[in-house]
$ cat final33.pdb   # PDB, C-alpha atoms
MODEL        1
ATOM      1  CA  GLU A   1      22.755  -4.475 -91.922  1.00  0.00           C
ATOM      2  CA  PRO A   2      23.369  -6.095 -95.330  1.00  0.00           C
ATOM      3  CA  GLU A   3      22.358  -3.991 -98.284  1.00  0.00           C
ATOM      4  CA  VAL A   4      22.213  -4.038-102.061  1.00  0.00           C
ATOM      5  CA  THR A   5      24.790  -1.717-103.582  1.00  0.00           C
ATOM      6  CA  GLN A   6      24.685  -0.237-107.057  1.00  0.00           C
ATOM      7  CA  THR A   7      27.316   1.537-109.100  1.00  0.00           C
ATOM      8  CA  PRO A   8      27.560   4.068-110.528  1.00  0.00           C
ATOM      9  CA  SER A   9      24.990   6.295-108.870  1.00  0.00           C
ATOM     10  CA  HIS A  10      24.706   8.363-112.045  1.00  0.00           C
ATOM     11  CA  GLN A  11      25.658   7.368-115.589  1.00  0.00           C
ATOM     12  CA  VAL A  12      25.575   9.759-118.514  1.00  0.00           C
ATOM     13  CA  THR A  13      25.897   8.294-121.995  1.00  0.00           C
ATOM     14  CA  GLN A  14      25.379   9.173-125.620  1.00  0.00           C
ATOM     15  CA  MET A  15      22.538   7.609-127.575  1.00  0.00           C
ATOM     16  CA  GLY A  16      23.674   4.398-129.222  1.00  0.00           C
ATOM     17  CA  GLN A  17      26.368   3.649-126.656  1.00  0.00           C
ATOM     18  CA  GLU A  18      26.492   0.548-124.515  1.00  0.00           C
ATOM     19  CA  VAL A  19      26.162   0.865-120.762  1.00  0.00           C
ATOM     20  CA  ILE A  20      26.647  -1.627-117.973  1.00  0.00           C
ATOM     21  CA  LEU A  21      24.975  -1.054-114.646  1.00  0.00           C
ATOM     22  CA  ARG A  22      26.423  -2.924-111.731  1.00  0.00           C
ATOM     23  CA  CYS A  23      24.888  -4.350-108.589  1.00  0.00           C
ATOM     24  CA  VAL A  24      26.123  -6.333-105.629  1.00  0.00           C
ATOM     25  CA  PRO A  25      23.157  -8.187-104.126  1.00  0.00           C
ATOM     26  CA  ILE A  26      22.928  -9.259-100.507  1.00  0.00           C
ATOM     27  CA  SER A  27      25.315 -12.155-100.117  1.00  0.00           C
ATOM     28  CA  ASN A  28      22.982 -15.015 -99.122  1.00  0.00           C
ATOM     29  CA  HIS A  29      20.269 -14.064-101.571  1.00  0.00           C
ATOM     30  CA  LEU A  30      19.466 -16.291-104.509  1.00  0.00           C
ATOM     31  CA  TYR A  31      17.078 -14.194-106.599  1.00  0.00           C
ATOM     32  CA  PHE A  32      18.060 -11.002-108.348  1.00  0.00           C
ATOM     33  CA  TYR A  33      15.993  -8.391-110.130  1.00  0.00           C
ATOM     34  CA  TRP A  34      16.202  -5.239-112.185  1.00  0.00           C
ATOM     35  CA  TYR A  35      13.490  -2.603-112.182  1.00  0.00           C
ATOM     36  CA  ARG A  36      13.382   0.845-113.690  1.00  0.00           C
ATOM     37  CA  GLN A  37      11.544   4.043-112.887  1.00  0.00           C
ATOM     38  CA  ILE A  38      11.145   6.724-115.519  1.00  0.00           C
ATOM     39  CA  LEU A  39      10.933  10.128-113.862  1.00  0.00           C
ATOM     40  CA  GLY A  40       7.524  10.643-112.322  1.00  0.00           C
ATOM     41  CA  GLN A  41       6.271   7.204-113.272  1.00  0.00           C
ATOM     42  CA  LYS A  42       5.777   3.809-111.657  1.00  0.00           C
ATOM     43  CA  VAL A  43       8.546   1.413-110.809  1.00  0.00           C
ATOM     44  CA  GLU A  44       8.494  -1.207-113.583  1.00  0.00           C
ATOM     45  CA  PHE A  45       9.813  -4.738-113.493  1.00  0.00           C
ATOM     46  CA  LEU A  46      12.435  -5.625-116.082  1.00  0.00           C
ATOM     47  CA  VAL A  47      13.826  -9.055-115.275  1.00  0.00           C
ATOM     48  CA  SER A  48      14.391 -11.637-112.587  1.00  0.00           C
ATOM     49  CA  PHE A  49      17.348 -13.997-112.432  1.00  0.00           C
ATOM     50  CA  TYR A  50      17.859 -17.236-110.562  1.00  0.00           C
ATOM     51  CA  ASN A  51      20.358 -20.055-110.818  1.00  0.00           C
ATOM     52  CA  ASN A  52      22.291 -18.266-113.554  1.00  0.00           C
ATOM     53  CA  GLU A  53      19.366 -17.800-115.860  1.00  0.00           C
ATOM     54  CA  ILE A  54      16.502 -15.427-116.471  1.00  0.00           C
ATOM     55  CA  SER A  55      13.396 -16.670-114.682  1.00  0.00           C
ATOM     56  CA  GLU A  56      11.024 -13.956-115.857  1.00  0.00           C
ATOM     57  CA  LYS A  57      11.204 -10.842-117.985  1.00  0.00           C
ATOM     58  CA  SER A  58       8.867  -8.085-119.034  1.00  0.00           C
ATOM     59  CA  GLU A  59       8.084  -6.801-122.505  1.00  0.00           C
ATOM     60  CA  ILE A  60      10.420  -3.899-121.810  1.00  0.00           C
ATOM     61  CA  PHE A  61      13.342  -6.297-121.564  1.00  0.00           C
ATOM     62  CA  ASP A  62      13.989  -6.728-125.282  1.00  0.00           C
ATOM     63  CA  ASP A  63      17.085  -7.843-127.180  1.00  0.00           C
ATOM     64  CA  GLN A  64      18.880  -4.632-126.268  1.00  0.00           C
ATOM     65  CA  PHE A  65      18.986  -5.714-122.636  1.00  0.00           C
ATOM     66  CA  SER A  66      20.950  -8.499-121.049  1.00  0.00           C
ATOM     67  CA  VAL A  67      21.848  -9.557-117.534  1.00  0.00           C
ATOM     68  CA  GLU A  68      24.791 -11.458-116.209  1.00  0.00           C
ATOM     69  CA  ARG A  69      26.221 -12.709-112.969  1.00  0.00           C
ATOM     70  CA  PRO A  70      29.882 -12.721-113.955  1.00  0.00           C
ATOM     71  CA  ASP A  71      31.160 -13.865-110.576  1.00  0.00           C
ATOM     72  CA  GLY A  72      29.843 -14.790-107.159  1.00  0.00           C
ATOM     73  CA  SER A  73      28.979 -11.277-106.115  1.00  0.00           C
ATOM     74  CA  ASN A  74      28.110  -9.002-109.026  1.00  0.00           C
ATOM     75  CA  PHE A  75      24.912  -8.809-111.061  1.00  0.00           C
ATOM     76  CA  THR A  76      24.942  -6.589-114.128  1.00  0.00           C
ATOM     77  CA  LEU A  77      22.443  -5.078-116.521  1.00  0.00           C
ATOM     78  CA  LYS A  78      23.738  -4.248-119.983  1.00  0.00           C
ATOM     79  CA  ILE A  79      21.968  -2.045-122.484  1.00  0.00           C
ATOM     80  CA  ARG A  80      23.614  -2.585-125.860  1.00  0.00           C
ATOM     81  CA  SER A  81      22.575   0.515-127.770  1.00  0.00           C
ATOM     82  CA  THR A  82      20.949   3.089-125.541  1.00  0.00           C
ATOM     83  CA  LYS A  83      17.968   5.130-126.637  1.00  0.00           C
ATOM     84  CA  LEU A  84      16.715   8.415-125.258  1.00  0.00           C
ATOM     85  CA  GLU A  85      13.755   6.595-123.720  1.00  0.00           C
ATOM     86  CA  ASP A  86      16.108   4.404-121.681  1.00  0.00           C
ATOM     87  CA  SER A  87      16.763   7.403-119.449  1.00  0.00           C
ATOM     88  CA  ALA A  88      15.478   6.347-116.048  1.00  0.00           C
ATOM     89  CA  MET A  89      16.468   5.273-112.573  1.00  0.00           C
ATOM     90  CA  TYR A  90      17.448   1.610-112.607  1.00  0.00           C
ATOM     91  CA  PHE A  91      17.056  -0.367-109.409  1.00  0.00           C
ATOM     92  CA  CYS A  92      18.601  -3.679-108.577  1.00  0.00           C
ATOM     93  CA  ALA A  93      16.936  -5.874-105.961  1.00  0.00           C
ATOM     94  CA  SER A  94      17.577  -9.225-104.381  1.00  0.00           C
ATOM     95  CA  SER A  95      15.632 -11.686-102.270  1.00  0.00           C
ATOM     96  CA  GLU A  96      16.463 -14.782-100.331  1.00  0.00           C
ATOM     97  CA  TRP A  97      13.784 -16.763-102.122  1.00  0.00           C
ATOM     98  CA  GLY A  98      11.488 -16.105-105.032  1.00  0.00           C
ATOM     99  CA  VAL A  99       7.916 -14.965-104.910  1.00  0.00           C
ATOM    100  CA  GLY A 100       5.186 -17.561-105.035  1.00  0.00           C
ATOM    101  CA  ASP A 101       5.373 -19.690-101.922  1.00  0.00           C
ATOM    102  CA  PRO A 102       3.185 -18.256 -99.179  1.00  0.00           C
ATOM    103  CA  ALA A 103       4.934 -20.326 -96.543  1.00  0.00           C
ATOM    104  CA  ILE A 104       8.198 -18.479 -97.015  1.00  0.00           C
ATOM    105  CA  SER A 105       6.815 -15.066 -97.815  1.00  0.00           C
ATOM    106  CA  ASN A 106       9.187 -13.237 -95.496  1.00  0.00           C
ATOM    107  CA  LYS A 107      12.084 -14.743 -97.389  1.00  0.00           C
ATOM    108  CA  ASN A 108      10.897 -13.286-100.671  1.00  0.00           C
ATOM    109  CA  ILE A 109      10.984  -9.672 -99.568  1.00  0.00           C
ATOM    110  CA  GLN A 110      12.891  -7.846-102.264  1.00  0.00           C
ATOM    111  CA  TYR A 111      15.554  -5.468-100.991  1.00  0.00           C
ATOM    112  CA  PHE A 112      16.422  -2.623-103.304  1.00  0.00           C
ATOM    113  CA  GLY A 113      19.600  -0.726-103.971  1.00  0.00           C
ATOM    114  CA  ALA A 114      19.758   3.064-104.116  1.00  0.00           C
ATOM    115  CA  GLY A 115      19.592   2.988-107.903  1.00  0.00           C
ATOM    116  CA  THR A 116      21.605   4.182-110.882  1.00  0.00           C
ATOM    117  CA  ARG A 117      20.301   7.231-112.673  1.00  0.00           C
ATOM    118  CA  LEU A 118      20.893   6.713-116.382  1.00  0.00           C
ATOM    119  CA  SER A 119      20.822   9.791-118.565  1.00  0.00           C
ATOM    120  CA  VAL A 120      20.937   9.179-122.315  1.00  0.00           C
ATOM    121  CA  LEU A 121      21.786  12.282-124.329  1.00  0.00           C
TER     122      LEU A 121
ATOM    123  CA  SER B   1      -7.404   1.082-112.798  1.00  0.00           C
ATOM    124  CA  GLN B   2      -4.160  -0.828-112.984  1.00  0.00           C
ATOM    125  CA  GLN B   3      -2.690  -3.302-110.518  1.00  0.00           C
ATOM    126  CA  GLY B   4      -1.474  -1.520-107.422  1.00  0.00           C
ATOM    127  CA  GLU B   5      -3.193   1.841-107.585  1.00  0.00           C
ATOM    128  CA  GLU B   6      -2.707   4.090-104.588  1.00  0.00           C
ATOM    129  CA  ASP B   7      -4.831   6.931-103.434  1.00  0.00           C
ATOM    130  CA  PRO B   8      -4.566   9.685-102.722  1.00  0.00           C
ATOM    131  CA  GLN B   9      -1.800  10.593-105.155  1.00  0.00           C
ATOM    132  CA  ALA B  10      -0.632  13.292-102.772  1.00  0.00           C
ATOM    133  CA  LEU B  11      -1.281  13.880 -99.095  1.00  0.00           C
ATOM    134  CA  SER B  12      -0.136  16.788 -96.970  1.00  0.00           C
ATOM    135  CA  ILE B  13      -0.664  16.771 -93.201  1.00  0.00           C
ATOM    136  CA  GLN B  14       0.692  18.375 -90.064  1.00  0.00           C
ATOM    137  CA  GLU B  15       3.345  16.695 -87.967  1.00  0.00           C
ATOM    138  CA  GLY B  16       1.767  14.526 -85.306  1.00  0.00           C
ATOM    139  CA  GLU B  17      -1.311  13.690 -87.359  1.00  0.00           C
ATOM    140  CA  ASN B  18      -2.023  10.257 -88.761  1.00  0.00           C
ATOM    141  CA  ALA B  19      -1.627   9.528 -92.479  1.00  0.00           C
ATOM    142  CA  THR B  20      -3.679   6.929 -94.305  1.00  0.00           C
ATOM    143  CA  MET B  21      -2.883   5.715 -97.799  1.00  0.00           C
ATOM    144  CA  ASN B  22      -4.871   3.191 -99.792  1.00  0.00           C
ATOM    145  CA  CYS B  23      -3.975   0.701-102.478  1.00  0.00           C
ATOM    146  CA  SER B  24      -6.142  -1.364-104.787  1.00  0.00           C
ATOM    147  CA  TYR B  25      -5.110  -4.260-106.957  1.00  0.00           C
ATOM    148  CA  LYS B  26      -6.722  -6.561-109.484  1.00  0.00           C
ATOM    149  CA  THR B  27      -5.331 -10.091-109.362  1.00  0.00           C
ATOM    150  CA  SER B  28      -5.063 -12.718-106.637  1.00  0.00           C
ATOM    151  CA  ILE B  29      -1.928 -12.266-104.582  1.00  0.00           C
ATOM    152  CA  ASN B  30       0.323 -14.064-102.143  1.00  0.00           C
ATOM    153  CA  ASN B  31       1.543 -10.945-100.420  1.00  0.00           C
ATOM    154  CA  LEU B  32       1.242  -7.219-100.518  1.00  0.00           C
ATOM    155  CA  GLN B  33       4.152  -5.050 -99.554  1.00  0.00           C
ATOM    156  CA  TRP B  34       4.594  -1.378 -98.829  1.00  0.00           C
ATOM    157  CA  TYR B  35       7.759   0.489 -99.734  1.00  0.00           C
ATOM    158  CA  ARG B  36       8.954   4.022 -99.048  1.00  0.00           C
ATOM    159  CA  GLN B  37      11.011   6.098-101.436  1.00  0.00           C
ATOM    160  CA  ASN B  38      12.679   9.307-100.384  1.00  0.00           C
ATOM    161  CA  SER B  39      13.086  11.767-103.220  1.00  0.00           C
ATOM    162  CA  GLY B  40      15.492  10.400-105.835  1.00  0.00           C
ATOM    163  CA  ARG B  41      16.523   7.497-103.650  1.00  0.00           C
ATOM    164  CA  GLY B  42      15.984   3.744-103.520  1.00  0.00           C
ATOM    165  CA  LEU B  43      12.994   1.810-102.258  1.00  0.00           C
ATOM    166  CA  VAL B  44      12.959   0.861 -98.606  1.00  0.00           C
ATOM    167  CA  HIS B  45      10.832  -2.096 -97.590  1.00  0.00           C
ATOM    168  CA  LEU B  46       8.402  -1.228 -94.820  1.00  0.00           C
ATOM    169  CA  ILE B  47       6.078  -4.134 -94.243  1.00  0.00           C
ATOM    170  CA  LEU B  48       4.715  -7.283 -95.875  1.00  0.00           C
ATOM    171  CA  ILE B  49       1.258  -8.656 -95.287  1.00  0.00           C
ATOM    172  CA  ARG B  50       0.274 -12.117 -96.442  1.00  0.00           C
ATOM    173  CA  SER B  51      -2.953 -12.871 -98.244  1.00  0.00           C
ATOM    174  CA  ASN B  52      -4.251 -14.799 -95.209  1.00  0.00           C
ATOM    175  CA  GLU B  53      -3.600 -11.882 -92.849  1.00  0.00           C
ATOM    176  CA  ARG B  54      -5.983  -9.010 -92.267  1.00  0.00           C
ATOM    177  CA  GLU B  55      -3.874  -6.611 -90.238  1.00  0.00           C
ATOM    178  CA  LYS B  56      -0.256  -6.170 -89.339  1.00  0.00           C
ATOM    179  CA  HIS B  57       1.650  -3.689 -87.194  1.00  0.00           C
ATOM    180  CA  SER B  58       5.221  -2.534 -87.223  1.00  0.00           C
ATOM    181  CA  GLY B  59       6.099   0.354 -84.949  1.00  0.00           C
ATOM    182  CA  ARG B  60       4.022   3.342 -86.074  1.00  0.00           C
ATOM    183  CA  LEU B  61       2.825   1.484 -89.162  1.00  0.00           C
ATOM    184  CA  ARG B  62      -0.440  -0.385 -89.449  1.00  0.00           C
ATOM    185  CA  VAL B  63      -1.358  -2.233 -92.616  1.00  0.00           C
ATOM    186  CA  THR B  64      -4.696  -3.796 -93.401  1.00  0.00           C
ATOM    187  CA  LEU B  65      -5.588  -6.115 -96.225  1.00  0.00           C
ATOM    188  CA  ASP B  66      -9.044  -6.898 -97.558  1.00  0.00           C
ATOM    189  CA  THR B  67      -8.715  -9.590-100.195  1.00  0.00           C
ATOM    190  CA  SER B  68     -12.454  -9.548-100.935  1.00  0.00           C
ATOM    191  CA  LYS B  69     -12.155  -5.924-101.981  1.00  0.00           C
ATOM    192  CA  LYS B  70      -8.601  -6.328-103.289  1.00  0.00           C
ATOM    193  CA  SER B  71      -7.455  -3.375-101.259  1.00  0.00           C
ATOM    194  CA  SER B  72      -4.952  -2.451 -98.590  1.00  0.00           C
ATOM    195  CA  SER B  73      -4.318   0.555 -96.418  1.00  0.00           C
ATOM    196  CA  LEU B  74      -1.191   1.884 -94.764  1.00  0.00           C
ATOM    197  CA  LEU B  75      -1.613   3.995 -91.647  1.00  0.00           C
ATOM    198  CA  ILE B  76       1.287   5.963 -90.237  1.00  0.00           C
ATOM    199  CA  THR B  77       0.513   7.216 -86.760  1.00  0.00           C
ATOM    200  CA  ALA B  78       2.001  10.277 -85.075  1.00  0.00           C
ATOM    201  CA  SER B  79       3.682  11.394 -88.283  1.00  0.00           C
ATOM    202  CA  ARG B  80       7.106  13.041 -88.280  1.00  0.00           C
ATOM    203  CA  ALA B  81       8.850  15.280 -90.776  1.00  0.00           C
ATOM    204  CA  ALA B  82      11.138  12.363 -91.631  1.00  0.00           C
ATOM    205  CA  ASP B  83       8.110  10.422 -92.890  1.00  0.00           C
ATOM    206  CA  THR B  84       7.954  12.767 -95.882  1.00  0.00           C
ATOM    207  CA  ALA B  85       8.417  10.443 -98.866  1.00  0.00           C
ATOM    208  CA  SER B  86       6.528   8.562-101.558  1.00  0.00           C
ATOM    209  CA  TYR B  87       4.833   5.368-100.490  1.00  0.00           C
ATOM    210  CA  PHE B  88       4.183   2.480-102.860  1.00  0.00           C
ATOM    211  CA  CYS B  89       2.279  -0.716-102.559  1.00  0.00           C
ATOM    212  CA  ALA B  90       3.598  -3.689-104.490  1.00  0.00           C
ATOM    213  CA  THR B  91       1.925  -6.984-105.197  1.00  0.00           C
ATOM    214  CA  ASP B  92       3.078 -10.306-106.472  1.00  0.00           C
ATOM    215  CA  ALA B  93       1.124 -12.627-108.682  1.00  0.00           C
ATOM    216  CA  TYR B  94      -0.150 -15.801-107.073  1.00  0.00           C
ATOM    217  CA  GLN B  95       1.148 -18.352-109.454  1.00  0.00           C
ATOM    218  CA  GLY B  96       4.826 -17.986-108.689  1.00  0.00           C
ATOM    219  CA  ALA B  97       5.573 -14.886-110.715  1.00  0.00           C
ATOM    220  CA  GLN B  98       8.822 -13.291-109.685  1.00  0.00           C
ATOM    221  CA  LYS B  99       8.021  -9.706-110.358  1.00  0.00           C
ATOM    222  CA  LEU B 100       6.533  -7.111-108.082  1.00  0.00           C
ATOM    223  CA  VAL B 101       3.928  -4.804-109.560  1.00  0.00           C
ATOM    224  CA  PHE B 102       4.069  -1.306-108.123  1.00  0.00           C
ATOM    225  CA  GLY B 103       1.426   1.348-107.954  1.00  0.00           C
ATOM    226  CA  GLN B 104       1.872   4.995-108.841  1.00  0.00           C
ATOM    227  CA  GLY B 105       2.521   5.875-105.218  1.00  0.00           C
ATOM    228  CA  THR B 106       1.273   8.420-102.714  1.00  0.00           C
ATOM    229  CA  ARG B 107       3.440  11.462-102.167  1.00  0.00           C
ATOM    230  CA  LEU B 108       3.243  12.212 -98.428  1.00  0.00           C
ATOM    231  CA  THR B 109       4.357  15.575 -97.089  1.00  0.00           C
ATOM    232  CA  ILE B 110       4.548  16.169 -93.349  1.00  0.00           C
ATOM    233  CA  ASN B 111       4.492  19.837 -92.458  1.00  0.00           C
ATOM    234  CA  PRO B 112       6.279  20.891 -89.255  1.00  0.00           C
TER     235      PRO B 112
ENDMDL
END
$ encode --input "final33.pdb" --output "structure tokens"
Amino acid sequence: EPEVTQTPSHQVTQMGQEVILRCVPISNHLYFYWYRQILGQKVEFLVSFYNNEISEKSEIFDDQFSVERPDGSNFTLKIRSTKLEDSAMYFCASSEWGVGDPAISNKNIQYFGAGTRLSVL
Amino acid sequence: SQQGEEDPQALSIQEGENATMNCSYKTSINNLQWYRQNSGRGLVHLILIRSNEREKHSGRLRVTLDTSKKSSSLLITASRAADTASYFCATDAYQGAQKLVFGQGTRLTINP
């Protein structure tokens, strides 16, 4: 069964360093997402990406964050200068279609990767 | 309460019993989805129910949706130890928003 894969599974970095989290979405999917989950808290939406551009982002996704689809398979999240409060589990997700059209609701199920645990020291 | 609030926050039952978890939300939705998360792992999609559906089944899972009360329930029948996990409801916004809004989750423990 196709799945979303994320690397690395655990990333340790020093405060102020740049990190890139990598994701390979499911191959026929068109919409890509990043979410994060601080330990013990809710899963929070960061950004959605479609047709090589950001389609929606949250207030968390500030200028320190960026996303890119550098080739036909990878989807990356970059944090330019990490802060202690960026420590969290970061999840990538993909869906065949975007949310919003009830007629194709099964095609907008978001499938999640296993996550990258980011530890900022 | 915030969008996608589950209750109870924690539930502990004996293997073989049924587990019921509830979710409330605030805005109009297209769909409501339930996900499972094993400790420290990713989110696994369980079931999606559309706003025009009232009940849906998938194996041992039964989901109901009451849009008038903006609430949903997830019933797991004949629970197994492997069902031990956190369960989250997630909603989308009606007007084409891309993001899912997750609740705090219910931590379900199945005791052998």
$ resolve_selection --input "final33.pdb" --expression "the PyMOL selection byres ((chain B and resi 82) around 10)" --output "compact mmCIF listing (two decimals) with C-alpha atoms, in the coordinates of the input"
# COMPACT_ATOMS: atom_id res chain seq x y z
CA GLU B 15 3.34 16.70 -87.97
CA ASN B 38 12.68 9.31 -100.38
CA SER B 79 3.68 11.39 -88.28
CA ARG B 80 7.11 13.04 -88.28
CA ALA B 81 8.85 15.28 -90.78
CA ASP B 83 8.11 10.42 -92.89
CA THR B 84 7.95 12.77 -95.88
CA ALA B 85 8.42 10.44 -98.87
CA THR B 109 4.36 15.58 -97.09
CA ILE B 110 4.55 16.17 -93.35
$ residues_near_point --input "final33.pdb" --point "(-0.5, 11.9, -100.6)" --cutoff "7 Å" --atoms "all atoms listed in the file" --output "MDAnalysis selection string"
chainID B and resid 8:12 106:108
$ closest_residue --input "final33.pdb" --among "B:Ala19, B:Leu32, B:Leu74, B:Val44" --to "chain A" --atoms "only C-alpha atoms"
B:Val44
$ interface_residues --input "final33.pdb" --of "chain A" --to "chain B" --cutoff "12 Å" --atoms "all atoms listed in the file" --output "MDAnalysis selection string"
chainID A and resid 3:6 9:10 31:50 54:58 88:95 97:117
$ atom_distance --input "final33.pdb" --atom1 "atom CA of A:Leu30" --atom2 "atom CA of B:Tyr25"
27.5 Å
$ atom_distance --input "final33.pdb" --atom1 "atom CA of B:Glu6" --atom2 "atom CA of B:Lys26"
12.4 Å
$ residues_around --input "final33.pdb" --residues "B:Glu55" --least-positions-apart "6" --cutoff "8 Å" --atoms "all atoms listed in the file" --output "ChimeraX atom specification"
/B:49,62-65
$ atom_distance --input "final33.pdb" --atom1 "atom CA of A:Gly72" --atom2 "atom CA of A:Glu96"
15.0 Å
$ residues_around --input "final33.pdb" --residues "A:Leu21" --least-positions-apart "4" --cutoff "7 Å" --atoms "only C-alpha atoms" --output "PDB file with C-alpha atoms, in the coordinates of the input"
ATOM      1  CA  THR A   7      27.316   1.537-109.100  1.00  0.00           C
ATOM      2  CA  THR A  76      24.942  -6.589-114.128  1.00  0.00           C
ATOM      3  CA  LEU A  77      22.443  -5.078-116.521  1.00  0.00           C
ATOM      4  CA  LYS A  78      23.738  -4.248-119.983  1.00  0.00           C
TER       5      LYS A  78
END
$ axis_aligned_box --input "final33.pdb" --around "stretch 32-35 of chain B" --padding-each-side "8 Å" --output "lines of an AutoDock Vina configuration file"
center_x = 4.5
center_y = -3.4
center_z = -99.7
size_x = 22.5
size_y = 23.7
size_z = 17.7
$ resolve_selection --input "final33.pdb" --expression "the PyMOL selection byres ((chain B and resi 60) around 9)" --output "compact mmCIF listing (two decimals) with C-alpha atoms, keeping the file's coordinate frame"
# COMPACT_ATOMS: atom_id res chain seq x y z
CA HIS B 57 1.65 -3.69 -87.19
CA SER B 58 5.22 -2.53 -87.22
CA GLY B 59 6.10 0.35 -84.95
CA LEU B 61 2.82 1.48 -89.16
CA ARG B 62 -0.44 -0.38 -89.45
CA LEU B 75 -1.61 4.00 -91.65
CA ILE B 76 1.29 5.96 -90.24
CA THR B 77 0.51 7.22 -86.76
CA ALA B 78 2.00 10.28 -85.08
CA SER B 79 3.68 11.39 -88.28
$ closest_residue --input "final33.pdb" --among "A:Gly16, A:Ser81, A:Gln11, A:Val120" --to "A:Asp63" --atoms "only C-alpha atoms"
A:Ser81
$ resolve_selection --input "final33.pdb" --expression "the PyMOL selection byres ((chain A and resi 70) around 12)" --output "PyMOL selection string"
chain A and resi 22-24+52-53+67-69+71-77
$ write_last_selection --input "final33.pdb" --atoms "C-alpha atoms" --output "PDB file, in the coordinates of the input"
ATOM      1  CA  ARG A  22      26.423  -2.924-111.731  1.00  0.00           C
ATOM      2  CA  CYS A  23      24.888  -4.350-108.589  1.00  0.00           C
ATOM      3  CA  VAL A  24      26.123  -6.333-105.629  1.00  0.00           C
ATOM      4  CA  ASN A  52      22.291 -18.266-113.554  1.00  0.00           C
ATOM      5  CA  GLU A  53      19.366 -17.800-115.860  1.00  0.00           C
ATOM      6  CA  VAL A  67      21.848  -9.557-117.534  1.00  0.00           C
ATOM      7  CA  GLU A  68      24.791 -11.458-116.209  1.00  0.00           C
ATOM      8  CA  ARG A  69      26.221 -12.709-112.969  1.00  0.00           C
ATOM      9  CA  ASP A  71      31.160 -13.865-110.576  1.00  0.00           C
ATOM     10  CA  GLY A  72      29.843 -14.790-107.159  1.00  0.00           C
ATOM     11  CA  SER A  73      28.979 -11.277-106.115  1.00  0.00           C
ATOM     12  CA  ASN A  74      28.110  -9.002-109.026  1.00  0.00           C
ATOM     13  CA  PHE A  75      24.912  -8.809-111.061  1.00  0.00           C
ATOM     14  CA  THR A  76      24.942  -6.589-114.128  1.00  0.00           C
ATOM     15  CA  LEU A  77      22.443  -5.078-116.521  1.00  0.00           C
TER      16      LEU A  77
END
